[in-house]
>>> print(open('coords37.cif').read())   # mmCIF, C-alpha atoms and all ligand atoms
data_target
#
loop_
_atom_site.label_atom_id
_atom_site.label_comp_id
_atom_site.auth_asym_id
_atom_site.auth_seq_id
_atom_site.Cartn_x
_atom_site.Cartn_y
_atom_site.Cartn_z
CA MET U 1 -49.65 -18.98 23.85
CA GLU U 2 -47.18 -17.49 26.36
CA PRO U 3 -45.15 -14.50 25.14
CA ARG U 4 -41.57 -15.37 24.17
CA LEU U 5 -38.37 -13.38 24.05
CA LYS U 6 -34.74 -13.67 23.03
CA ILE U 7 -32.47 -15.03 25.78
CA GLU U 8 -28.95 -13.68 25.90
CA VAL U 9 -26.10 -14.93 28.10
CA ASN U 10 -23.62 -12.25 29.21
CA THR U 11 -21.96 -14.21 31.99
CA THR U 12 -19.60 -17.16 32.34
CA ASP U 13 -20.81 -17.98 35.86
CA GLU U 14 -21.95 -21.61 35.62
CA THR U 15 -24.96 -21.19 37.88
CA ARG U 16 -26.15 -18.18 35.91
CA VAL U 17 -25.61 -19.95 32.58
CA ALA U 18 -27.69 -22.87 33.88
CA GLN U 19 -30.44 -20.42 34.88
CA ALA U 20 -30.37 -18.91 31.37
CA LYS U 21 -30.70 -22.37 29.82
CA ARG U 22 -33.72 -23.14 31.97
CA ALA U 23 -35.26 -19.79 30.99
CA LEU U 24 -34.74 -20.62 27.31
CA HIS U 25 -37.08 -23.61 27.67
CA VAL U 26 -39.75 -21.66 29.54
CA VAL U 27 -39.85 -18.24 27.88
CA GLY U 28 -37.16 -18.36 25.18
CA THR U 29 -37.19 -17.54 21.49
CA GLY U 30 -40.04 -18.70 19.31
CA SER U 31 -41.43 -17.20 16.16
CA GLU U 32 -44.97 -16.91 17.52
CA ASN U 33 -46.08 -14.35 20.08
CA HIS U 34 -42.61 -12.79 20.28
CA THR U 35 -42.43 -9.66 22.44
CA GLY U 36 -39.40 -8.29 20.55
CA LEU U 37 -37.70 -7.98 23.95
CA VAL U 38 -34.42 -9.47 25.16
CA LEU U 39 -33.84 -11.17 28.51
CA SER U 40 -30.15 -10.81 29.41
CA PHE U 41 -28.39 -12.92 32.00
CA LEU U 42 -25.50 -10.91 33.47
CA ASP U 43 -23.18 -11.91 36.35
CA SER U 44 -25.16 -9.88 38.84
CA HIS U 45 -28.74 -9.84 37.61
CA THR U 46 -31.26 -10.71 34.90
CA GLU U 47 -32.58 -7.76 32.92
CA LEU U 48 -35.24 -7.08 30.36
CA ARG U 49 -34.38 -4.70 27.55
CA ARG U 50 -35.37 -3.54 24.14
CA PRO U 51 -32.92 -4.70 21.46
CA ASP U 52 -31.68 -1.12 20.98
CA THR U 53 -30.87 -0.61 24.69
CA LYS U 54 -27.26 -1.29 25.76
CA VAL U 55 -26.61 -4.46 27.79
CA GLY U 56 -26.52 -3.40 31.43
CA ASN U 57 -29.06 -0.60 30.90
CA GLY U 58 -32.14 -2.79 30.90
CA PHE U 59 -34.85 -3.08 33.53
CA PHE U 60 -34.39 -5.46 36.45
CA ILE U 61 -35.98 -5.83 39.82
CA ASP U 62 -33.93 -4.25 42.56
CA PHE U 63 -35.69 -4.33 45.91
CA SER U 64 -32.65 -2.71 47.56
CA LYS U 65 -33.55 0.61 45.89
CA VAL U 66 -36.76 0.95 47.91
CA ASP U 67 -36.61 3.70 50.55
CA ARG U 68 -36.90 1.64 53.75
CA ARG U 69 -37.04 4.34 56.41
CA GLN U 70 -39.78 3.07 58.74
CA GLY U 71 -42.75 5.36 59.16
CA ALA U 72 -41.45 7.90 56.60
CA GLY U 73 -42.53 8.52 53.01
CA ASN U 74 -42.78 5.17 51.26
CA LEU U 75 -43.53 3.07 54.31
CA SER U 76 -45.93 5.37 56.10
CA LYS U 77 -49.13 3.59 57.03
CA LYS U 78 -51.01 6.84 56.55
CA GLN U 79 -50.96 6.37 52.78
CA PRO U 80 -54.08 5.22 50.92
CA LEU U 81 -52.71 1.72 50.11
CA PRO U 82 -51.95 0.54 53.68
CA LYS U 83 -55.13 2.26 54.91
CA ALA U 84 -57.11 0.23 52.37
CA ILE U 85 -55.28 -2.99 53.29
CA GLY U 86 -56.47 -2.37 56.85
CA ALA U 87 -54.96 -1.67 60.26
CA THR U 88 -56.02 -5.09 61.61
CA THR U 89 -54.72 -7.01 58.59
CA HIS U 90 -51.73 -9.33 59.04
CA THR U 91 -51.81 -11.51 55.93
CA VAL U 92 -52.26 -10.24 52.39
CA ILE U 93 -52.42 -11.92 49.02
CA ASP U 94 -51.31 -9.64 46.22
CA ALA U 95 -53.13 -11.49 43.44
CA THR U 96 -51.57 -9.36 40.67
CA ALA U 97 -47.90 -9.04 41.64
CA GLY U 98 -46.51 -7.43 38.46
CA PHE U 99 -43.05 -6.11 39.37
CA CYS U 100 -44.03 -6.27 43.09
CA GLY U 101 -43.84 -2.48 43.50
CA ASP U 102 -46.80 -2.57 45.90
CA ALA U 103 -46.01 -5.98 47.43
CA ILE U 104 -42.48 -4.98 48.51
CA LEU U 105 -43.82 -1.84 50.23
CA LEU U 106 -46.50 -3.82 52.05
CA ALA U 107 -43.94 -6.47 53.10
CA LEU U 108 -41.55 -3.79 54.41
CA MET U 109 -44.44 -2.18 56.31
CA GLY U 110 -44.80 -5.48 58.18
CA PHE U 111 -47.67 -7.21 56.36
CA LYS U 112 -47.11 -10.89 55.54
CA VAL U 113 -47.52 -10.90 51.75
CA VAL U 114 -47.92 -13.71 49.23
CA ALA U 115 -47.55 -12.17 45.76
CA ILE U 116 -48.94 -14.15 42.81
CA GLU U 117 -47.86 -13.52 39.22
CA ARG U 118 -49.02 -15.55 36.25
CA SER U 119 -46.56 -14.34 33.60
CA PRO U 120 -43.53 -16.69 33.56
CA ILE U 121 -41.35 -13.82 32.27
CA VAL U 122 -42.37 -11.45 35.05
CA SER U 123 -42.11 -14.26 37.60
CA LEU U 124 -38.57 -15.00 36.44
CA LEU U 125 -37.59 -11.36 37.00
CA LEU U 126 -39.22 -11.39 40.43
CA HIS U 127 -37.34 -14.51 41.50
CA ASP U 128 -34.12 -12.91 40.29
CA GLY U 129 -34.92 -9.88 42.48
CA MET U 130 -35.56 -12.18 45.47
CA ARG U 131 -32.29 -14.04 44.85
CA ARG U 132 -30.35 -10.77 45.17
CA ALA U 133 -32.49 -9.60 48.12
CA LYS U 134 -31.38 -12.72 50.02
CA GLU U 135 -27.74 -11.76 49.44
CA ASP U 136 -28.31 -8.29 50.94
CA ALA U 137 -28.23 -8.87 54.72
CA ASP U 138 -29.83 -5.51 55.70
CA LEU U 139 -32.61 -5.76 53.15
CA TRP U 140 -33.27 -9.41 54.03
CA ALA U 141 -33.50 -8.57 57.74
CA ALA U 142 -35.89 -5.68 56.96
CA LEU U 143 -38.05 -8.00 54.87
CA HIS U 144 -38.41 -10.40 57.77
CA ASN U 145 -39.56 -13.24 55.52
CA ASN U 146 -42.65 -11.15 54.79
CA LEU U 147 -42.64 -11.61 51.01
CA THR U 148 -43.30 -14.89 49.18
CA ILE U 149 -43.63 -14.99 45.41
CA LEU U 150 -45.72 -17.63 43.66
CA GLU U 151 -46.06 -18.20 39.93
CA GLY U 152 -49.51 -19.12 38.67
CA ASP U 153 -53.00 -17.83 38.03
CA ALA U 154 -54.41 -16.32 41.21
CA LYS U 155 -57.93 -17.43 40.21
CA GLN U 156 -56.79 -20.99 40.88
CA LEU U 157 -54.21 -20.33 43.63
CA LEU U 158 -56.76 -18.44 45.76
CA GLU U 159 -58.51 -21.80 46.22
CA THR U 160 -55.59 -22.94 48.36
CA HIS U 161 -55.04 -19.58 50.10
CA LYS U 162 -58.57 -18.85 51.28
CA ASN U 163 -57.75 -17.84 54.84
CA VAL U 164 -55.98 -14.53 54.49
CA ASP U 165 -57.09 -11.21 55.93
CA SER U 166 -56.93 -9.20 52.71
CA ILE U 167 -56.68 -9.82 48.98
CA TYR U 168 -55.23 -7.04 46.86
CA ILE U 169 -55.93 -6.76 43.12
CA ASP U 170 -54.26 -4.29 40.74
CA PRO U 171 -55.11 -5.44 37.20
CA MET U 172 -53.64 -3.82 34.10
CA PHE U 173 -55.94 -1.05 32.95
CA PRO U 174 -55.63 0.91 29.67
CA GLN U 175 -53.66 4.15 30.13
CA LYS U 176 -55.58 7.38 29.69
CA LYS U 177 -54.56 9.20 26.53
CA LYS U 178 -52.23 12.01 27.59
CA LYS U 179 -49.75 14.50 26.14
CA SER U 180 -46.82 12.07 26.33
CA PRO U 181 -47.37 9.39 23.66
CA LEU U 182 -45.79 6.69 25.86
CA PRO U 183 -46.61 5.54 29.37
CA PRO U 184 -43.67 5.30 31.83
CA GLY U 185 -40.98 2.77 30.80
CA ARG U 186 -41.57 -0.10 33.18
CA ILE U 187 -45.36 -0.01 32.74
CA GLN U 188 -44.86 -0.07 29.00
CA LEU U 189 -42.50 -3.05 29.29
CA LEU U 190 -45.00 -4.85 31.50
CA SER U 191 -47.88 -4.25 29.12
CA GLN U 192 -45.73 -5.48 26.21
CA ILE U 193 -45.42 -8.78 28.10
CA VAL U 194 -48.80 -9.26 29.75
CA GLY U 195 -51.17 -7.10 27.65
CA HIS U 196 -54.49 -6.21 29.31
CA ASP U 197 -55.96 -8.25 32.16
CA LEU U 198 -59.29 -8.91 30.48
CA ASP U 199 -60.32 -11.44 33.12
CA ALA U 200 -60.03 -9.00 36.05
CA ASP U 201 -63.77 -9.38 36.80
CA SER U 202 -63.48 -13.11 37.36
CA LEU U 203 -60.40 -12.65 39.56
CA PHE U 204 -62.40 -10.13 41.61
CA CYS U 205 -65.28 -12.63 41.96
CA ALA U 206 -62.87 -15.42 42.95
CA ALA U 207 -61.35 -13.12 45.61
CA ARG U 208 -64.76 -12.25 47.03
CA ASN U 209 -65.59 -15.92 47.31
CA THR U 210 -62.72 -16.62 49.71
CA ASN U 211 -62.80 -16.11 53.48
CA ALA U 212 -60.78 -12.89 53.22
CA LYS U 213 -62.17 -10.08 55.33
CA ARG U 214 -61.58 -7.53 52.57
CA VAL U 215 -60.78 -7.36 48.89
CA ILE U 216 -58.99 -4.24 47.73
CA VAL U 217 -58.97 -3.13 44.10
CA LYS U 218 -56.60 -0.46 42.78
CA ARG U 219 -58.02 1.55 39.90
CA PRO U 220 -56.81 4.60 38.00
CA ASN U 221 -59.02 7.56 38.90
CA HIS U 222 -60.37 7.66 35.32
CA ALA U 223 -61.55 4.01 35.46
CA PRO U 224 -65.07 2.98 36.45
CA GLN U 225 -65.56 1.28 39.84
CA MET U 226 -64.96 -2.48 39.88
CA ALA U 227 -68.41 -3.02 41.50
CA ASP U 228 -71.08 -0.79 42.98
CA ASP U 229 -70.75 -1.84 46.63
CA PRO U 230 -67.35 -0.77 48.00
CA VAL U 231 -67.39 -0.36 51.76
CA VAL U 232 -64.95 2.52 51.52
CA VAL U 233 -62.73 4.13 48.87
CA HIS U 234 -59.28 5.56 49.68
CA LYS U 235 -58.24 8.14 47.13
CA GLY U 236 -54.72 8.92 45.94
CA LYS U 237 -53.60 11.52 43.38
CA GLN U 238 -53.86 9.23 40.33
CA VAL U 239 -55.36 6.03 41.68
CA ARG U 240 -57.94 4.96 44.22
CA TYR U 241 -58.27 1.86 46.37
CA GLU U 242 -61.76 0.38 46.53
CA VAL U 243 -62.35 -1.80 49.57
CA TYR U 244 -64.98 -4.56 49.32
CA GLY U 245 -66.39 -7.09 51.76
CA LEU U 246 -67.25 -10.67 50.91
CA ALA U 247 -69.54 -11.57 48.00
CA PRO U 248 -72.93 -9.86 48.48
C1 LIG Q 301 -50.80 -3.66 36.89
S1 LIG Q 301 -49.78 -5.04 37.14
C2 LIG Q 301 -49.55 -5.04 38.89
C3 LIG Q 301 -48.55 -4.03 39.35
C4 LIG Q 301 -48.16 -4.21 40.79
N1 LIG Q 301 -49.24 -3.87 41.68
C5 LIG Q 301 -46.92 -3.40 41.12
O1 LIG Q 301 -46.99 -2.54 42.02
O2 LIG Q 301 -45.86 -3.65 40.52
C6 LIG Q 301 -50.81 -6.45 36.93
C7 LIG Q 301 -50.08 -7.76 36.98
O3 LIG Q 301 -50.97 -8.76 37.42
C8 LIG Q 301 -50.77 -9.94 36.69
N2 LIG Q 301 -52.03 -10.69 36.74
C9 LIG Q 301 -53.23 -10.31 36.23
N3 LIG Q 301 -54.18 -11.22 36.48
C10 LIG Q 301 -53.56 -12.21 37.18
C11 LIG Q 301 -54.02 -13.44 37.72
N4 LIG Q 301 -55.28 -13.85 37.56
N5 LIG Q 301 -53.13 -14.21 38.38
C12 LIG Q 301 -51.85 -13.81 38.53
N6 LIG Q 301 -51.35 -12.67 38.02
C13 LIG Q 301 -52.20 -11.87 37.36
C14 LIG Q 301 -50.38 -9.46 35.31
O4 LIG Q 301 -49.67 -10.48 34.61
C15 LIG Q 301 -49.53 -8.24 35.64
O5 LIG Q 301 -48.18 -8.60 35.78
#
>>> encode(input="coords37.cif", output="structure tokens", more="lines below")
Ligand SMILES: C[S@@+](CC[C@H](N)C(=O)[O-])C[C@H]1O[C@@H](n2cnc3c(N)ncnc32)[C@H](O)[C@@H]1O
Amino acid sequence: MEPRLKIEVNTTDETRVAQAKRALHVVGTGSENHTGLVLSFLDSHTELRRPDTKVGNGFFIDFSKVDRRQGAGNLSKKQPLPKAIGATTHTVIDATAGFCGDAILLALMGFKVVAIERSPIVSLLLHDGMRRAKEDADLWAALHNNLTILEGDAKQLLETHKNVDSIYIDPMFPQKKKKSPLPPGRIQLLSQIVGHDLDADSLFCAARNTNAKRVIVKRPNHAPQMADDPVVVHKGKQVRYEVYGLAP
């Protein structure tokens, strides 16, 4: 059963109230599988918060906060992620969108990205982020229509998106035990909603059975390799990107 949460309306804007009502049917309160989280509809945005966090201080997707200076820092193609995606790649499927942290960077770097997310709660937050991105003329121009978000299970949706250059997979992976008892806030929120991606192997197989030239898997450095035949591995400080060809 899909995770549920409490829906709260903190706006009188009719369009926003209507959006909250629709959300209530899809992800709203239920006694079973309740995340204990609240989804708040404010005038400006939709945020996810713990019940003890003040309204307005929750987490929401804000693509305008991404550092967009071309070629510098965030958007440099010298980083391990774009290197793994490939210099000759134009089209990418991000089969595990999450909060689109990677997908937005790839889209702003100029890749044409379709980001797929199966959690209706996460998808709702992503669409809220896209709604506000469209209202930000500079951001929208920088995005160049390079980011499309789809809700559904990528294992099925890949069937209809077989002809892309690269497929990117970043499944949830258990955090390594460390001094801090809690992982960073947004990752913790995400894992409260989606849990662990126990079917990551079958998503990987589905990706390798498309016509994509490469399948890229992001793994924490402490995790075992997804398979034993990566063509190349690009290493970052905490994660690595394993690049695979088609099914052997
Ligand atoms: C670790 S997060 C991805 C984080 C993302 N790369 C980012 O930068 O924000 C994994 C996400 O993939 C989603 N996911 C896992 N398997 C999926 C599948 N088969 N189809 C669609 N979404 C999937 C999970 O619901 C979760 O939101």
>>> axis_aligned_box(input="coords37.cif", around="ligand LIG 301 (chain Q)", padding_each_side="5 Å", output="lines of an AutoDock Vina configuration file")
center_x = -50.6
center_y = -8.4
center_z = 38.3
size_x = 19.4
size_y = 21.7
size_z = 17.4
>>> closest_residue(input="coords37.cif", among="U:Val194, U:Leu39, U:Val9, U:Val92", to="ligand LIG 301 (chain Q)", atoms="only C-alpha atoms and all ligand atoms")
U:Val194
>>> residues_near_ligand(input="coords37.cif", ligand="ligand LIG 301 (chain Q)", cutoff="10 Å", atoms="all atoms listed in the file", output="PDB file with C-alpha atoms, in the coordinates of the input")
ATOM      1  CA  ASP U  94     -51.310  -9.640  46.220  1.00  0.00           C
ATOM      2  CA  ALA U  95     -53.130 -11.490  43.440  1.00  0.00           C
ATOM      3  CA  THR U  96     -51.570  -9.360  40.670  1.00  0.00           C
ATOM      4  CA  ALA U  97     -47.900  -9.040  41.640  1.00  0.00           C
ATOM      5  CA  GLY U  98     -46.510  -7.430  38.460  1.00  0.00           C
ATOM      6  CA  PHE U  99     -43.050  -6.110  39.370  1.00  0.00           C
ATOM      7  CA  CYS U 100     -44.030  -6.270  43.090  1.00  0.00           C
ATOM      8  CA  GLY U 101     -43.840  -2.480  43.500  1.00  0.00           C
ATOM      9  CA  ASP U 102     -46.800  -2.570  45.900  1.00  0.00           C
ATOM     10  CA  ALA U 103     -46.010  -5.980  47.430  1.00  0.00           C
ATOM     11  CA  ILE U 104     -42.480  -4.980  48.510  1.00  0.00           C
ATOM     12  CA  LEU U 105     -43.820  -1.840  50.230  1.00  0.00           C
ATOM     13  CA  ALA U 115     -47.550 -12.170  45.760  1.00  0.00           C
ATOM     14  CA  ILE U 116     -48.940 -14.150  42.810  1.00  0.00           C
ATOM     15  CA  GLU U 117     -47.860 -13.520  39.220  1.00  0.00           C
ATOM     16  CA  ARG U 118     -49.020 -15.550  36.250  1.00  0.00           C
ATOM     17  CA  SER U 119     -46.560 -14.340  33.600  1.00  0.00           C
ATOM     18  CA  PRO U 120     -43.530 -16.690  33.560  1.00  0.00           C
ATOM     19  CA  ILE U 121     -41.350 -13.820  32.270  1.00  0.00           C
ATOM     20  CA  VAL U 122     -42.370 -11.450  35.050  1.00  0.00           C
ATOM     21  CA  SER U 123     -42.110 -14.260  37.600  1.00  0.00           C
ATOM     22  CA  LEU U 150     -45.720 -17.630  43.660  1.00  0.00           C
ATOM     23  CA  GLU U 151     -46.060 -18.200  39.930  1.00  0.00           C
ATOM     24  CA  GLY U 152     -49.510 -19.120  38.670  1.00  0.00           C
ATOM     25  CA  ASP U 153     -53.000 -17.830  38.030  1.00  0.00           C
ATOM     26  CA  ALA U 154     -54.410 -16.320  41.210  1.00  0.00           C
ATOM     27  CA  LYS U 155     -57.930 -17.430  40.210  1.00  0.00           C
ATOM     28  CA  GLN U 156     -56.790 -20.990  40.880  1.00  0.00           C
ATOM     29  CA  LEU U 157     -54.210 -20.330  43.630  1.00  0.00           C
ATOM     30  CA  LEU U 158     -56.760 -18.440  45.760  1.00  0.00           C
ATOM     31  CA  TYR U 168     -55.230  -7.040  46.860  1.00  0.00           C
ATOM     32  CA  ILE U 169     -55.930  -6.760  43.120  1.00  0.00           C
ATOM     33  CA  ASP U 170     -54.260  -4.290  40.740  1.00  0.00           C
ATOM     34  CA  PRO U 171     -55.110  -5.440  37.200  1.00  0.00           C
ATOM     35  CA  MET U 172     -53.640  -3.820  34.100  1.00  0.00           C
ATOM     36  CA  PHE U 173     -55.940  -1.050  32.950  1.00  0.00           C
ATOM     37  CA  PRO U 174     -55.630   0.910  29.670  1.00  0.00           C
ATOM     38  CA  ARG U 186     -41.570  -0.100  33.180  1.00  0.00           C
ATOM     39  CA  ILE U 187     -45.360  -0.010  32.740  1.00  0.00           C
ATOM     40  CA  LEU U 190     -45.000  -4.850  31.500  1.00  0.00           C
ATOM     41  CA  SER U 191     -47.880  -4.250  29.120  1.00  0.00           C
ATOM     42  CA  ILE U 193     -45.420  -8.780  28.100  1.00  0.00           C
ATOM     43  CA  VAL U 194     -48.800  -9.260  29.750  1.00  0.00           C
ATOM     44  CA  GLY U 195     -51.170  -7.100  27.650  1.00  0.00           C
ATOM     45  CA  HIS U 196     -54.490  -6.210  29.310  1.00  0.00           C
ATOM     46  CA  ASP U 197     -55.960  -8.250  32.160  1.00  0.00           C
ATOM     47  CA  LEU U 198     -59.290  -8.910  30.480  1.00  0.00           C
ATOM     48  CA  ASP U 199     -60.320 -11.440  33.120  1.00  0.00           C
ATOM     49  CA  ALA U 200     -60.030  -9.000  36.050  1.00  0.00           C
ATOM     50  CA  ASP U 201     -63.770  -9.380  36.800  1.00  0.00           C
ATOM     51  CA  SER U 202     -63.480 -13.110  37.360  1.00  0.00           C
ATOM     52  CA  LEU U 203     -60.400 -12.650  39.560  1.00  0.00           C
ATOM     53  CA  PHE U 204     -62.400 -10.130  41.610  1.00  0.00           C
ATOM     54  CA  ALA U 206     -62.870 -15.420  42.950  1.00  0.00           C
ATOM     55  CA  LYS U 218     -56.600  -0.460  42.780  1.00  0.00           C
ATOM     56  CA  ARG U 219     -58.020   1.550  39.900  1.00  0.00           C
TER      57      ARG U 219
END
>>> closest_residue(input="coords37.cif", among="U:Asp62, U:Gly36, U:Thr29, U:Thr91", to="U:Asp128", atoms="all atoms listed in the file")
U:Asp62
>>> closest_residue(input="coords37.cif", among="U:Met226, U:Ala212, U:Val27, U:Val113", to="U:Arg240", atoms="all atoms listed in the file")
U:Met226
>>> atom_distance(input="coords37.cif", atom1="atom CA of U:Pro51", atom2="atom CA of U:Ile149")
28.2 Å
>>> closest_residue(input="coords37.cif", among="U:Arg49, U:Glu159, U:Pro3, U:Ala107", to="U:Val66", atoms="only C-alpha atoms")
U:Ala107
>>> atom_distance(input="coords37.cif", atom1="atom CA of U:Val38", atom2="atom CA of U:Lys134")
25.3 Å
>>> closest_residue(input="coords37.cif", among="U:Gly110, U:Gly245, U:Gly30, U:Pro230", to="U:Ser76", atoms="all atoms listed in the file")
U:Gly110
>>> residues_near_point(input="coords37.cif", point="(-59.8, -9.9, 46.7)", cutoff="6 Å", atoms="all atoms listed in the file", output="MDAnalysis selection string")
chainID U and resid 167:168 204 207:208 215:216
>>> residues_around(input="coords37.cif", residues="stretch 78-86 of chain U", least_positions_apart="6", cutoff="7 Å", atoms="only C-alpha atoms", output="PDB file with C-alpha atoms, in the frame of the given file")
ATOM      1  CA  SER U 166     -56.930  -9.200  52.710  1.00  0.00           C
ATOM      2  CA  ILE U 216     -58.990  -4.240  47.730  1.00  0.00           C
ATOM      3  CA  HIS U 234     -59.280   5.560  49.680  1.00  0.00           C
ATOM      4  CA  LYS U 235     -58.240   8.140  47.130  1.00  0.00           C
ATOM      5  CA  GLY U 236     -54.720   8.920  45.940  1.00  0.00           C
ATOM      6  CA  TYR U 241     -58.270   1.860  46.370  1.00  0.00           C
ATOM      7  CA  VAL U 243     -62.350  -1.800  49.570  1.00  0.00           C
TER       8      VAL U 243
END
>>> closest_residue(input="coords37.cif", among="U:Arg50, U:Arg22, U:His34, U:Arg16", to="U:Gly185", atoms="all atoms listed in the file")
U:Arg50
>>> build_atoms(input="coords37.cif", residues="stretch 62-79 of chain U", atoms="N, CA and C atoms", output="PDB file, in the frame of the given file")
ATOM      1  N   ASP U  62     -34.934  -4.535  41.544  1.00  0.00           N
ATOM      2  CA  ASP U  62     -33.930  -4.250  42.560  1.00  0.00           C
ATOM      3  C   ASP U  62     -34.632  -3.746  43.819  1.00  0.00           C
ATOM      4  N   PHE U  63     -34.959  -4.703  44.694  1.00  0.00           N
ATOM      5  CA  PHE U  63     -35.690  -4.330  45.910  1.00  0.00           C
ATOM      6  C   PHE U  63     -34.836  -3.464  46.839  1.00  0.00           C
ATOM      7  N   SER U  64     -33.510  -3.484  46.650  1.00  0.00           N
ATOM      8  CA  SER U  64     -32.650  -2.710  47.560  1.00  0.00           C
ATOM      9  C   SER U  64     -32.806  -1.204  47.335  1.00  0.00           C
ATOM     10  N   LYS U  65     -33.400  -0.821  46.199  1.00  0.00           N
ATOM     11  CA  LYS U  65     -33.550   0.610  45.890  1.00  0.00           C
ATOM     12  C   LYS U  65     -34.742   1.248  46.619  1.00  0.00           C
ATOM     13  N   VAL U  66     -35.569   0.399  47.241  1.00  0.00           N
ATOM     14  CA  VAL U  66     -36.760   0.950  47.910  1.00  0.00           C
ATOM     15  C   VAL U  66     -36.341   1.709  49.170  1.00  0.00           C
ATOM     16  N   ASP U  67     -36.885   2.902  49.346  1.00  0.00           N
ATOM     17  CA  ASP U  67     -36.610   3.700  50.550  1.00  0.00           C
ATOM     18  C   ASP U  67     -37.247   2.974  51.735  1.00  0.00           C
ATOM     19  N   ARG U  68     -36.383   2.510  52.684  1.00  0.00           N
ATOM     20  CA  ARG U  68     -36.900   1.640  53.750  1.00  0.00           C
ATOM     21  C   ARG U  68     -37.025   2.343  55.095  1.00  0.00           C
ATOM     22  N   ARG U  69     -36.933   3.664  55.116  1.00  0.00           N
ATOM     23  CA  ARG U  69     -37.040   4.340  56.410  1.00  0.00           C
ATOM     24  C   ARG U  69     -38.438   4.109  56.980  1.00  0.00           C
ATOM     25  N   GLN U  70     -38.496   3.417  58.151  1.00  0.00           N
ATOM     26  CA  GLN U  70     -39.780   3.070  58.740  1.00  0.00           C
ATOM     27  C   GLN U  70     -40.589   4.313  59.081  1.00  0.00           C
ATOM     28  N   GLY U  71     -41.857   4.277  58.765  1.00  0.00           N
ATOM     29  CA  GLY U  71     -42.750   5.360  59.160  1.00  0.00           C
ATOM     30  C   GLY U  71     -42.643   6.610  58.287  1.00  0.00           C
ATOM     31  N   ALA U  72     -41.600   6.695  57.439  1.00  0.00           N
ATOM     32  CA  ALA U  72     -41.450   7.900  56.600  1.00  0.00           C
ATOM     33  C   ALA U  72     -41.902   7.573  55.191  1.00  0.00           C
ATOM     34  N   GLY U  73     -42.223   8.614  54.434  1.00  0.00           N
ATOM     35  CA  GLY U  73     -42.530   8.520  53.010  1.00  0.00           C
ATOM     36  C   GLY U  73     -43.167   7.212  52.584  1.00  0.00           C
ATOM     37  N   ASN U  74     -42.354   6.428  51.863  1.00  0.00           N
ATOM     38  CA  ASN U  74     -42.780   5.170  51.260  1.00  0.00           C
ATOM     39  C   ASN U  74     -43.511   4.216  52.192  1.00  0.00           C
ATOM     40  N   LEU U  75     -43.008   4.111  53.427  1.00  0.00           N
ATOM     41  CA  LEU U  75     -43.530   3.070  54.310  1.00  0.00           C
ATOM     42  C   LEU U  75     -44.511   3.601  55.348  1.00  0.00           C
ATOM     43  N   SER U  76     -44.969   4.825  55.149  1.00  0.00           N
ATOM     44  CA  SER U  76     -45.930   5.370  56.100  1.00  0.00           C
ATOM     45  C   SER U  76     -47.279   4.663  55.948  1.00  0.00           C
ATOM     46  N   LYS U  77     -47.834   4.267  57.086  1.00  0.00           N
ATOM     47  CA  LYS U  77     -49.130   3.590  57.030  1.00  0.00           C
ATOM     48  C   LYS U  77     -50.294   4.570  56.894  1.00  0.00           C
ATOM     49  N   LYS U  78     -49.947   5.847  56.751  1.00  0.00           N
ATOM     50  CA  LYS U  78     -51.010   6.840  56.550  1.00  0.00           C
ATOM     51  C   LYS U  78     -51.383   6.960  55.082  1.00  0.00           C
ATOM     52  N   GLN U  79     -50.665   6.269  54.221  1.00  0.00           N
ATOM     53  CA  GLN U  79     -50.960   6.370  52.780  1.00  0.00           C
ATOM     54  C   GLN U  79     -52.210   5.566  52.428  1.00  0.00           C
TER      55      GLN U  79
END
